[in-house]
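Shown next: query-v3.pdb, given as PDB, C-alpha atoms.
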```
ATOM      1  CA  MET A 983      -8.872  88.634 -15.889
ATOM      2  CA  ASN A 984      -7.720  85.498 -17.761
ATOM      3  CA  ASP A 985      -7.631  85.014 -21.538
ATOM      4  CA  ILE A 986     -11.039  83.383 -21.870
ATOM      5  CA  GLU A 987     -12.669  86.038 -19.651
ATOM      6  CA  THR A 988     -11.098  88.726 -21.826
ATOM      7  CA  GLU A 989     -12.418  87.006 -24.955
ATOM      8  CA  LEU A 990     -15.884  86.655 -23.459
ATOM      9  CA  ASP A 991     -15.924  90.308 -22.467
ATOM     10  CA  GLY A 992     -15.078  91.242 -26.052
ATOM     11  CA  ILE A 993     -17.872  89.050 -27.414
ATOM     12  CA  CYS A 994     -20.408  90.503 -24.995
ATOM     13  CA  ARG A 995     -19.395  94.047 -25.935
ATOM     14  CA  ALA A 996     -19.763  93.228 -29.620
ATOM     15  CA  LEU A 997     -23.116  91.533 -29.115
ATOM     16  CA  SER A 998     -24.439  94.449 -27.086
ATOM     17  CA  LYS A 999     -24.583  96.429 -30.336
ATOM     18  CA  TRP A1000     -27.268  93.959 -31.444
ATOM     19  CA  VAL A1001     -28.916  92.847 -28.218
ATOM     20  CA  LEU A1002     -29.437  96.259 -26.626
ATOM     21  CA  PRO A1003     -31.212  97.898 -29.606
ATOM     22  CA  VAL A1004     -33.573  94.939 -29.761
ATOM     23  CA  ALA A1005     -34.286  95.192 -26.057
ATOM     24  CA  VAL A1006     -34.948  98.914 -26.379
ATOM     25  CA  LEU A1007     -37.269  98.321 -29.316
ATOM     26  CA  LEU A1008     -39.217  95.731 -27.345
ATOM     27  CA  LEU A1009     -39.467  97.930 -24.304
ATOM     28  CA  THR A1010     -40.907 100.812 -26.329
ATOM     29  CA  ALA A1011     -43.912  98.732 -27.339
ATOM     30  CA  CYS A1012     -47.137 100.076 -25.854
ATOM     31  CA  GLY A1013     -47.231  98.646 -22.366
ATOM     32  CA  GLY A1014     -43.705  97.269 -22.769
ATOM     33  CA  VAL A1015     -42.464  93.762 -22.085
ATOM     34  CA  ARG A1016     -43.771  92.443 -18.845
ATOM     35  CA  THR A1017     -45.298  89.346 -17.337
ATOM     36  CA  PRO A1018     -49.085  89.647 -17.168
ATOM     37  CA  VAL A1019     -50.323  90.151 -13.678
ATOM     38  CA  GLU A1020     -51.782  87.060 -12.079
ATOM     39  CA  GLN A1021     -55.345  88.282 -12.287
ATOM     40  CA  LYS A1022     -58.477  86.816 -13.759
ATOM     41  CA  GLU A1023     -58.443  86.820 -17.537
ATOM     42  CA  ASP A1024     -61.123  88.695 -19.455
ATOM     43  CA  LEU A1025     -62.844  85.715 -21.087
ATOM     44  CA  THR A1026     -65.461  87.941 -22.734
ATOM     45  CA  ALA A1027     -62.760  89.873 -24.579
ATOM     46  CA  LYS A1028     -61.060  86.606 -25.560
ATOM     47  CA  ALA A1029     -64.344  85.242 -26.911
ATOM     48  CA  LEU A1030     -64.791  88.354 -29.066
ATOM     49  CA  LEU A1031     -61.373  87.718 -30.606
ATOM     50  CA  GLN A1032     -62.232  84.252 -31.918
ATOM     51  CA  GLY A1033     -62.181  84.129 -35.727
ATOM     52  CA  ILE A1034     -60.185  85.557 -38.624
ATOM     53  CA  TRP A1035     -59.041  89.164 -38.600
ATOM     54  CA  LEU A1036     -58.066  91.296 -41.603
ATOM     55  CA  ASP A1037     -55.865  94.365 -41.781
ATOM     56  CA  GLU A1038     -57.909  97.500 -42.414
ATOM     57  CA  GLU A1039     -55.159  98.957 -44.618
ATOM     58  CA  ASP A1040     -54.975  96.203 -47.257
ATOM     59  CA  ASP A1041     -57.926  93.909 -46.424
ATOM     60  CA  MET A1042     -55.555  90.936 -46.189
ATOM     61  CA  PRO A1043     -56.033  88.187 -43.582
ATOM     62  CA  TRP A1044     -53.597  88.708 -40.725
ATOM     63  CA  ILE A1045     -54.411  86.397 -37.822
ATOM     64  CA  LYS A1046     -56.790  83.602 -36.933
ATOM     65  CA  VAL A1047     -57.710  83.246 -33.275
ATOM     66  CA  GLU A1048     -58.628  79.798 -31.969
ATOM     67  CA  GLY A1049     -58.957  79.367 -28.227
ATOM     68  CA  ASP A1050     -55.856  80.922 -26.659
ATOM     69  CA  THR A1051     -53.711  80.676 -29.819
ATOM     70  CA  LEU A1052     -52.930  83.172 -32.568
ATOM     71  CA  PHE A1053     -52.235  81.702 -36.025
ATOM     72  CA  TYR A1054     -50.609  84.052 -38.528
ATOM     73  CA  ALA A1055     -51.356  84.124 -42.252
ATOM     74  CA  ASP A1056     -47.602  84.234 -42.889
ATOM     75  CA  THR A1057     -46.645  80.548 -42.720
ATOM     76  CA  GLN A1058     -43.140  81.435 -41.505
ATOM     77  CA  ASN A1059     -44.564  82.884 -38.281
ATOM     78  CA  ALA A1060     -45.003  80.429 -35.433
ATOM     79  CA  PRO A1061     -48.351  80.369 -33.584
ATOM     80  CA  ALA A1062     -48.371  82.249 -30.292
ATOM     81  CA  THR A1063     -50.418  81.946 -27.132
ATOM     82  CA  PHE A1064     -52.112  84.971 -25.600
ATOM     83  CA  ARG A1065     -54.118  86.226 -22.639
ATOM     84  CA  VAL A1066     -56.355  89.246 -22.228
ATOM     85  CA  VAL A1067     -56.123  91.030 -18.890
ATOM     86  CA  HIS A1068     -57.806  94.382 -18.306
ATOM     87  CA  ASP A1069     -57.087  96.589 -21.318
ATOM     88  CA  SER A1070     -54.129  94.648 -22.756
ATOM     89  CA  ILE A1071     -53.432  91.528 -24.778
ATOM     90  CA  TYR A1072     -50.354  89.593 -23.656
ATOM     91  CA  VAL A1073     -48.647  87.542 -26.375
ATOM     92  CA  THR A1074     -45.917  85.023 -25.536
ATOM     93  CA  ASN A1075     -43.012  84.638 -27.984
ATOM     94  CA  ALA A1076     -39.390  83.484 -27.945
ATOM     95  CA  PHE A1077     -38.198  86.752 -26.389
ATOM     96  CA  GLY A1078     -40.743  86.686 -23.576
ATOM     97  CA  VAL A1079     -44.166  88.249 -23.114
ATOM     98  CA  MET A1080     -45.249  91.258 -25.157
ATOM     99  CA  ALA A1081     -48.039  93.480 -23.885
ATOM    100  CA  TYR A1082     -50.146  95.446 -26.381
ATOM    101  CA  LYS A1083     -52.703  97.969 -25.174
ATOM    102  CA  ILE A1084     -56.160  97.419 -26.649
ATOM    103  CA  GLU A1085     -57.530 100.699 -27.968
ATOM    104  CA  ARG A1086     -60.817  99.426 -29.365
ATOM    105  CA  GLN A1087     -62.648  96.103 -29.304
ATOM    106  CA  THR A1088     -66.078  95.198 -30.612
ATOM    107  CA  GLU A1089     -67.514  92.090 -32.209
ATOM    108  CA  TYR A1090     -66.116  93.110 -35.606
ATOM    109  CA  SER A1091     -63.349  95.582 -34.780
ATOM    110  CA  PHE A1092     -60.056  95.168 -32.924
ATOM    111  CA  TRP A1093     -57.462  97.935 -32.583
ATOM    112  CA  PHE A1094     -54.305  97.674 -30.517
ATOM    113  CA  CYS A1095     -51.098  99.653 -30.087
ATOM    114  CA  ALA A1096     -48.037  97.844 -31.450
ATOM    115  CA  ASN A1097     -45.545 100.572 -30.547
ATOM    116  CA  GLU A1098     -45.461 104.315 -30.318
ATOM    117  CA  GLU A1099     -43.630 104.766 -33.616
ATOM    118  CA  ASP A1100     -45.934 102.642 -35.801
ATOM    119  CA  GLY A1101     -49.170 103.586 -34.082
ATOM    120  CA  LEU A1102     -52.311 101.480 -34.106
ATOM    121  CA  VAL A1103     -52.840  98.136 -35.751
ATOM    122  CA  LYS A1104     -56.431  98.172 -36.986
ATOM    123  CA  LEU A1105     -58.143  94.875 -37.723
ATOM    124  CA  TYR A1106     -61.684  93.874 -38.633
ATOM    125  CA  LYS A1107     -63.305  90.456 -38.464
ATOM    126  CA  SER A1108     -63.764  88.471 -41.649
ATOM    127  CA  GLU A1109     -67.190  87.227 -42.706
ATOM    128  CA  ASP A1110     -65.845  85.350 -45.739
ATOM    129  CA  VAL A1111     -65.345  81.605 -45.164
ATOM    130  CA  ALA A1112     -62.845  81.591 -48.049
ATOM    131  CA  ASP A1113     -60.372  83.414 -45.808
ATOM    132  CA  ASN A1114     -59.867  80.119 -43.961
ATOM    133  CA  LEU A1115     -57.727  79.057 -46.917
ATOM    134  CA  PHE A1116     -55.017  81.429 -45.713
ATOM    135  CA  PHE A1117     -54.756  79.369 -42.522
ATOM    136  CA  LYS A1118     -55.298  75.890 -43.954
ATOM    137  CA  GLN A1119     -51.622  75.013 -43.489
ATOM    138  CA  LYS A1120     -51.098  75.143 -39.742
ATOM    139  CA  GLN A1121     -47.641  73.578 -40.051
ATOM    140  CA  VAL A1122     -45.092  76.360 -39.713
ATOM    141  CA  GLU A1123     -42.759  76.727 -42.674
ATOM    142  CA  ILE A1124     -39.353  76.147 -41.112
ATOM    143  CA  LEU A1125     -36.433  77.676 -42.966
ATOM    144  CA  PRO A1126     -33.315  75.525 -43.399
ATOM    145  CA  SER A1127     -30.120  77.470 -42.799
ATOM    146  CA  THR A1128     -28.323  75.173 -45.228
ATOM    147  CA  PRO A1129     -30.548  73.569 -47.902
ATOM    148  CA  GLU A1130     -28.222  70.608 -48.440
ATOM    149  CA  VAL A1131     -25.021  69.053 -47.089
ATOM    150  CA  VAL A1132     -21.940  71.193 -47.779
ATOM    151  CA  LYS A1133     -18.559  69.433 -47.930
ATOM    152  CA  LYS A1134     -15.197  71.198 -47.730
ATOM    153  CA  ASP A1135     -11.618  70.007 -47.398
ATOM    154  CA  SER A1136      -8.347  71.875 -46.964
ATOM    155  CA  ILE A1137      -4.685  70.837 -46.997
ATOM    156  CA  ILE A1138      -2.217  72.483 -44.610
ATOM    157  CA  PHE A1139       1.527  71.750 -44.261
ATOM    158  CA  TYR A1140       3.239  72.077 -40.899
ATOM    159  CA  GLN A1141       6.832  71.121 -40.089
ATOM    160  CA  GLY A1142       7.048  68.999 -43.212
ATOM    161  CA  ASN A1143       3.838  67.104 -42.490
ATOM    162  CA  ARG A1144       0.714  67.225 -44.645
ATOM    163  CA  TYR A1145      -2.627  67.543 -42.863
ATOM    164  CA  ARG A1146      -6.027  67.386 -44.521
ATOM    165  CA  GLY A1147      -9.065  68.794 -42.756
ATOM    166  CA  TYR A1148     -12.638  67.918 -43.727
ATOM    167  CA  VAL A1149     -15.792  69.855 -42.896
ATOM    168  CA  HIS A1150     -19.322  68.546 -43.510
ATOM    169  CA  ILE A1151     -22.117  71.048 -42.803
ATOM    170  CA  ASN A1152     -25.220  68.926 -42.228
ATOM    171  CA  PRO A1153     -28.751  70.379 -41.986
ATOM    172  CA  SER A1154     -30.581  69.091 -38.915
ATOM    173  CA  THR A1155     -34.102  69.174 -37.497
ATOM    174  CA  MET A1156     -33.011  71.130 -34.419
ATOM    175  CA  LYS A1157     -35.083  74.294 -34.277
ATOM    176  CA  VAL A1158     -33.981  77.859 -33.611
ATOM    177  CA  GLN A1159     -36.740  80.316 -32.768
ATOM    178  CA  ARG A1160     -36.147  84.027 -33.299
ATOM    179  CA  THR A1161     -38.414  86.984 -32.626
ATOM    180  CA  THR A1162     -38.785  89.399 -35.540
ATOM    181  CA  PHE A1163     -41.098  92.324 -36.176
ATOM    182  CA  THR A1164     -43.778  92.843 -38.802
ATOM    183  CA  GLU A1165     -44.042  96.085 -40.774
ATOM    184  CA  ASN A1166     -46.482  97.433 -38.207
ATOM    185  CA  GLY A1167     -44.181  96.634 -35.296
ATOM    186  CA  VAL A1168     -45.785  93.443 -33.953
ATOM    187  CA  ALA A1169     -43.411  90.823 -32.566
ATOM    188  CA  VAL A1170     -43.689  87.390 -34.235
ATOM    189  CA  ASP A1171     -41.542  84.261 -34.084
ATOM    190  CA  ASN A1172     -39.840  82.672 -37.075
ATOM    191  CA  ILE A1173     -38.377  79.165 -36.852
ATOM    192  CA  TYR A1174     -35.194  77.961 -38.548
ATOM    193  CA  TYR A1175     -33.285  74.700 -38.694
ATOM    194  CA  ASP A1176     -29.826  74.607 -37.155
ATOM    195  CA  ASN A1177     -26.820  72.700 -38.514
ATOM    196  CA  VAL A1178     -24.550  70.000 -37.134
ATOM    197  CA  ILE A1179     -21.011  70.278 -38.497
ATOM    198  CA  TYR A1180     -18.702  67.268 -38.663
ATOM    199  CA  ILE A1181     -14.975  68.050 -38.607
ATOM    200  CA  CYS A1182     -12.021  65.705 -38.939
ATOM    201  CA  VAL A1183      -8.265  65.862 -39.582
ATOM    202  CA  TYR A1184      -6.176  63.258 -41.432
ATOM    203  CA  GLN A1185      -2.458  62.772 -41.811
ATOM    204  CA  GLY A1186      -2.163  60.465 -44.760
ATOM    205  CA  THR A1187      -4.721  57.716 -44.181
ATOM    206  CA  GLN A1188      -4.698  58.107 -40.411
ATOM    207  CA  MET A1189      -7.558  60.060 -38.854
ATOM    208  CA  LEU A1190      -6.148  62.174 -36.030
ATOM    209  CA  TYR A1191      -9.440  63.725 -34.929
ATOM    210  CA  GLY A1192     -13.151  63.534 -35.772
ATOM    211  CA  LYS A1193     -16.186  64.998 -34.048
ATOM    212  CA  ASN A1194     -19.670  66.460 -34.597
ATOM    213  CA  ILE A1195     -19.892  70.097 -33.521
ATOM    214  CA  GLN A1196     -23.147  71.706 -32.358
ATOM    215  CA  LYS A1197     -23.705  75.278 -31.254
ATOM    216  CA  GLN A1198     -24.372  74.204 -27.652
ATOM    217  CA  GLN A1199     -20.634  73.521 -27.352
ATOM    218  CA  PHE A1200     -20.075  77.305 -27.438
ATOM    219  CA  SER A1201     -22.258  77.962 -24.382
ATOM    220  CA  THR A1202     -19.201  78.590 -22.196
ATOM    221  CA  VAL A1203     -18.180  81.660 -24.196
ATOM    222  CA  LEU A1204     -21.376  82.985 -25.812
ATOM    223  CA  PRO A1205     -24.268  84.687 -23.989
ATOM    224  CA  GLU A1206     -27.375  82.508 -23.795
ATOM    225  CA  GLU A1207     -29.496  85.233 -25.418
ATOM    226  CA  TYR A1208     -27.346  85.150 -28.538
ATOM    227  CA  LEU A1209     -26.871  81.397 -28.644
ATOM    228  CA  ASN A1210     -30.631  80.786 -28.508
ATOM    229  CA  THR A1211     -31.240  82.804 -31.679
ATOM    230  CA  ALA A1212     -28.080  81.896 -33.641
ATOM    231  CA  VAL A1213     -27.394  79.124 -36.132
ATOM    232  CA  LEU A1214     -24.067  77.348 -36.579
ATOM    233  CA  THR A1215     -23.651  78.320 -40.224
ATOM    234  CA  ASP A1216     -20.057  77.656 -41.243
ATOM    235  CA  MET A1217     -16.742  76.026 -40.361
ATOM    236  CA  ASP A1218     -13.266  76.045 -41.954
ATOM    237  CA  PHE A1219      -9.994  74.203 -41.286
ATOM    238  CA  VAL A1220      -7.563  77.117 -41.040
ATOM    239  CA  GLY A1221      -4.298  76.008 -39.489
ATOM    240  CA  VAL A1222      -1.961  73.697 -37.629
ATOM    241  CA  ASN A1223       0.649  74.798 -35.093
ATOM    242  CA  GLU A1224       2.255  73.659 -31.864
ATOM    243  CA  GLU A1225      -1.026  74.344 -30.044
ATOM    244  CA  GLY A1226      -3.023  71.952 -32.239
ATOM    245  CA  PHE A1227      -5.459  71.908 -35.167
ATOM    246  CA  ARG A1228      -7.429  75.103 -35.745
ATOM    247  CA  PHE A1229     -10.947  75.517 -37.108
ATOM    248  CA  LYS A1230     -12.920  78.731 -37.585
ATOM    249  CA  ALA A1231     -16.640  78.566 -36.717
ATOM    250  CA  THR A1232     -19.290  81.121 -37.641
ATOM    251  CA  LEU A1233     -22.575  81.515 -35.758
ATOM    252  CA  THR A1234     -25.132  83.765 -37.445
ATOM    253  CA  VAL A1235     -28.510  85.195 -36.457
ATOM    254  CA  PRO A1236     -30.779  84.112 -39.353
ATOM    255  CA  GLU A1237     -31.757  86.740 -41.928
ATOM    256  CA  THR A1238     -29.496  89.384 -40.371
ATOM    257  CA  GLN A1239     -25.939  90.634 -40.785
ATOM    258  CA  VAL A1240     -25.164  89.685 -37.171
ATOM    259  CA  PHE A1241     -22.561  86.953 -36.719
ATOM    260  CA  VAL A1242     -19.804  85.841 -34.363
ATOM    261  CA  VAL A1243     -16.563  84.079 -35.337
ATOM    262  CA  LEU A1244     -14.917  81.687 -32.873
ATOM    263  CA  TYR A1245     -11.774  79.582 -33.226
ATOM    264  CA  LEU A1246     -11.503  75.977 -32.095
ATOM    265  CA  THR A1247      -8.005  74.768 -31.228
ATOM    266  CA  ILE A1248      -7.873  70.983 -30.863
ATOM    267  CA  LYS A1249      -5.054  69.138 -29.129
ATOM    268  CA  ASP A1250      -5.065  65.681 -27.592
ATOM    269  CA  GLY A1251      -8.789  65.449 -28.305
ATOM    270  CA  GLU A1252      -9.598  68.557 -26.262
ATOM    271  CA  ILE A1253     -11.173  71.736 -27.708
ATOM    272  CA  ARG A1254     -10.141  75.211 -26.606
ATOM    273  CA  LEU A1255     -12.267  78.171 -27.760
ATOM    274  CA  SER A1256     -11.029  81.680 -28.500
ATOM    275  CA  THR A1257     -11.935  84.745 -30.555
ATOM    276  CA  THR A1258      -8.561  84.935 -32.319
TER     277      THR A1258
END
```
Encoded form (structure tokens):
Amino acid sequence: MNDIETELDGICRALSKWVLPVAVLLLTACGGVRTPVEQKEDLTAKALLQGIWLDEEDDMPWIKVEGDTLFYADTQNAPATFRVVHDSIYVTNAFGVMAYKIERQTEYSFWFCANEEDGLVKLYKSEDVADNLFFKQKQVEILPSTPEVVKKDSIIFYQGNRYRGYVHINPSTMKVQRTTFTENGVAVDNIYYDNVIYICVYQGTQMLYGKNIQKQQFSTVLPEEYLNTAVLTDMDFVGVNEEGFRFKATLTVPETQVFVVLYLTIKDGEIRLSTT
């Protein structure tokens, strides 16, 4: 096993502490995660779902159903498409397809099983037109990972030479979609903005290197499952040696404590990635 394979194995082992619990949680949902069978959809059940539904526990609007789309009252949650087949509702999100077993459905009542631990989600249909106000803004509120441009510079001496490294963390409009869970165990998608980070190194007035870095450049060493839900959150100029200029990058899963640190070593315009 070569160095990069060893590094990748270490990353995968570390990420498994996060990925596997999530997978287990998803798979314990009533009906589990599975692709809906290619059978005729229950259009009668779908028609009954049209409208605004409130949570029986707090009487607050929860979802609005229009056609085959679920709109959530929480503006941070992205709309989701769904199908009804037999006794289950299949909701598509960033992680895949979630199946929830329908326990009760009438014109004004809809109960389904989110997961075994949290039990039933009990909803009733709204008859108050004012509840439409909760869904007036159909534009999802996208959360910037960095609210404004962050600029950093560091000076490092090596073999009598003075090097200055600059880092500009720039918010972008590139979207990162991550599946989270509501208090009652229902999977919903939140959307965040990723960053593009510009790095450069100067010796005196001469620029020795300059490049925009995006998280896709780490696809050779990070699992796709992690990369899809992570944001490139930080970068630092940390060293110069015979191998080249060194930067430390941090990729974080939004609103969690989960992050991965990778090192970029740059020599002759080429980037080598490592975990140390």
Quick one: distance from CA of Arg1160 in chain A to CA of Ile1173 in chain A in Å, one decimal?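 The value is 6.4 Å.
Minimum atom-to-atom distance to Val1222 in chain A, evaluated using all atoms listed in the file, belongs to A:Phe1139 out of A:Tyr1208, A:Phe1139, A:Tyr1148, A:Tyr1175.
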Smallest atom-to-atom distance to Phe1219 in chain A: which of A:Tyr1145, A:Trp1035, A:Phe1064, A:Phe1200, using only C-alpha atoms?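 Comparing A:Tyr1145, A:Trp1035, A:Phe1064, A:Phe1200 against Phe1219 in chain A, the winner is A:Tyr1145.
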Take CA of Ala1062 in chain A and CA of Gly1167 in chain A and report the distance between them in Å, one decimal. 15.8 Å
Please tell me which residues are no farther than 12 Å from (-54.3, 98.0, -29.6) in the file, counting all atoms listed in the file, and write them as a ChimeraX atom specification. /A:1011-1013,1066,1069-1072,1081-1087,1091-1098,1100-1105,1166-1168
Ground truth for the PyMOL selection byres ((chain A and resi 1108) around 9), written as an MDAnalysis selection string: chainID A and resid 1033:1036 1043 1090 1106:1107 1109:1111 1113
As a check of understanding: the span from CA of Gly1221 in chain A to CA of Thr1258 in chain A is 12.2 Å
Nearest candidate to Asn1194 in chain A (options A:Val1158, A:His1150, A:Pro1061, A:Leu1246; using only C-alpha atoms): A:His1150
For each of A:Ala1055, A:Val1242, A:Ala1231, A:Val1067, take the minimum atom-to-atom distance to Asn1114 in chain A, counting all atoms listed in the file, then give the residue where this is smallest.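 The closest residue to Asn1114 in chain A is A:Ala1055.
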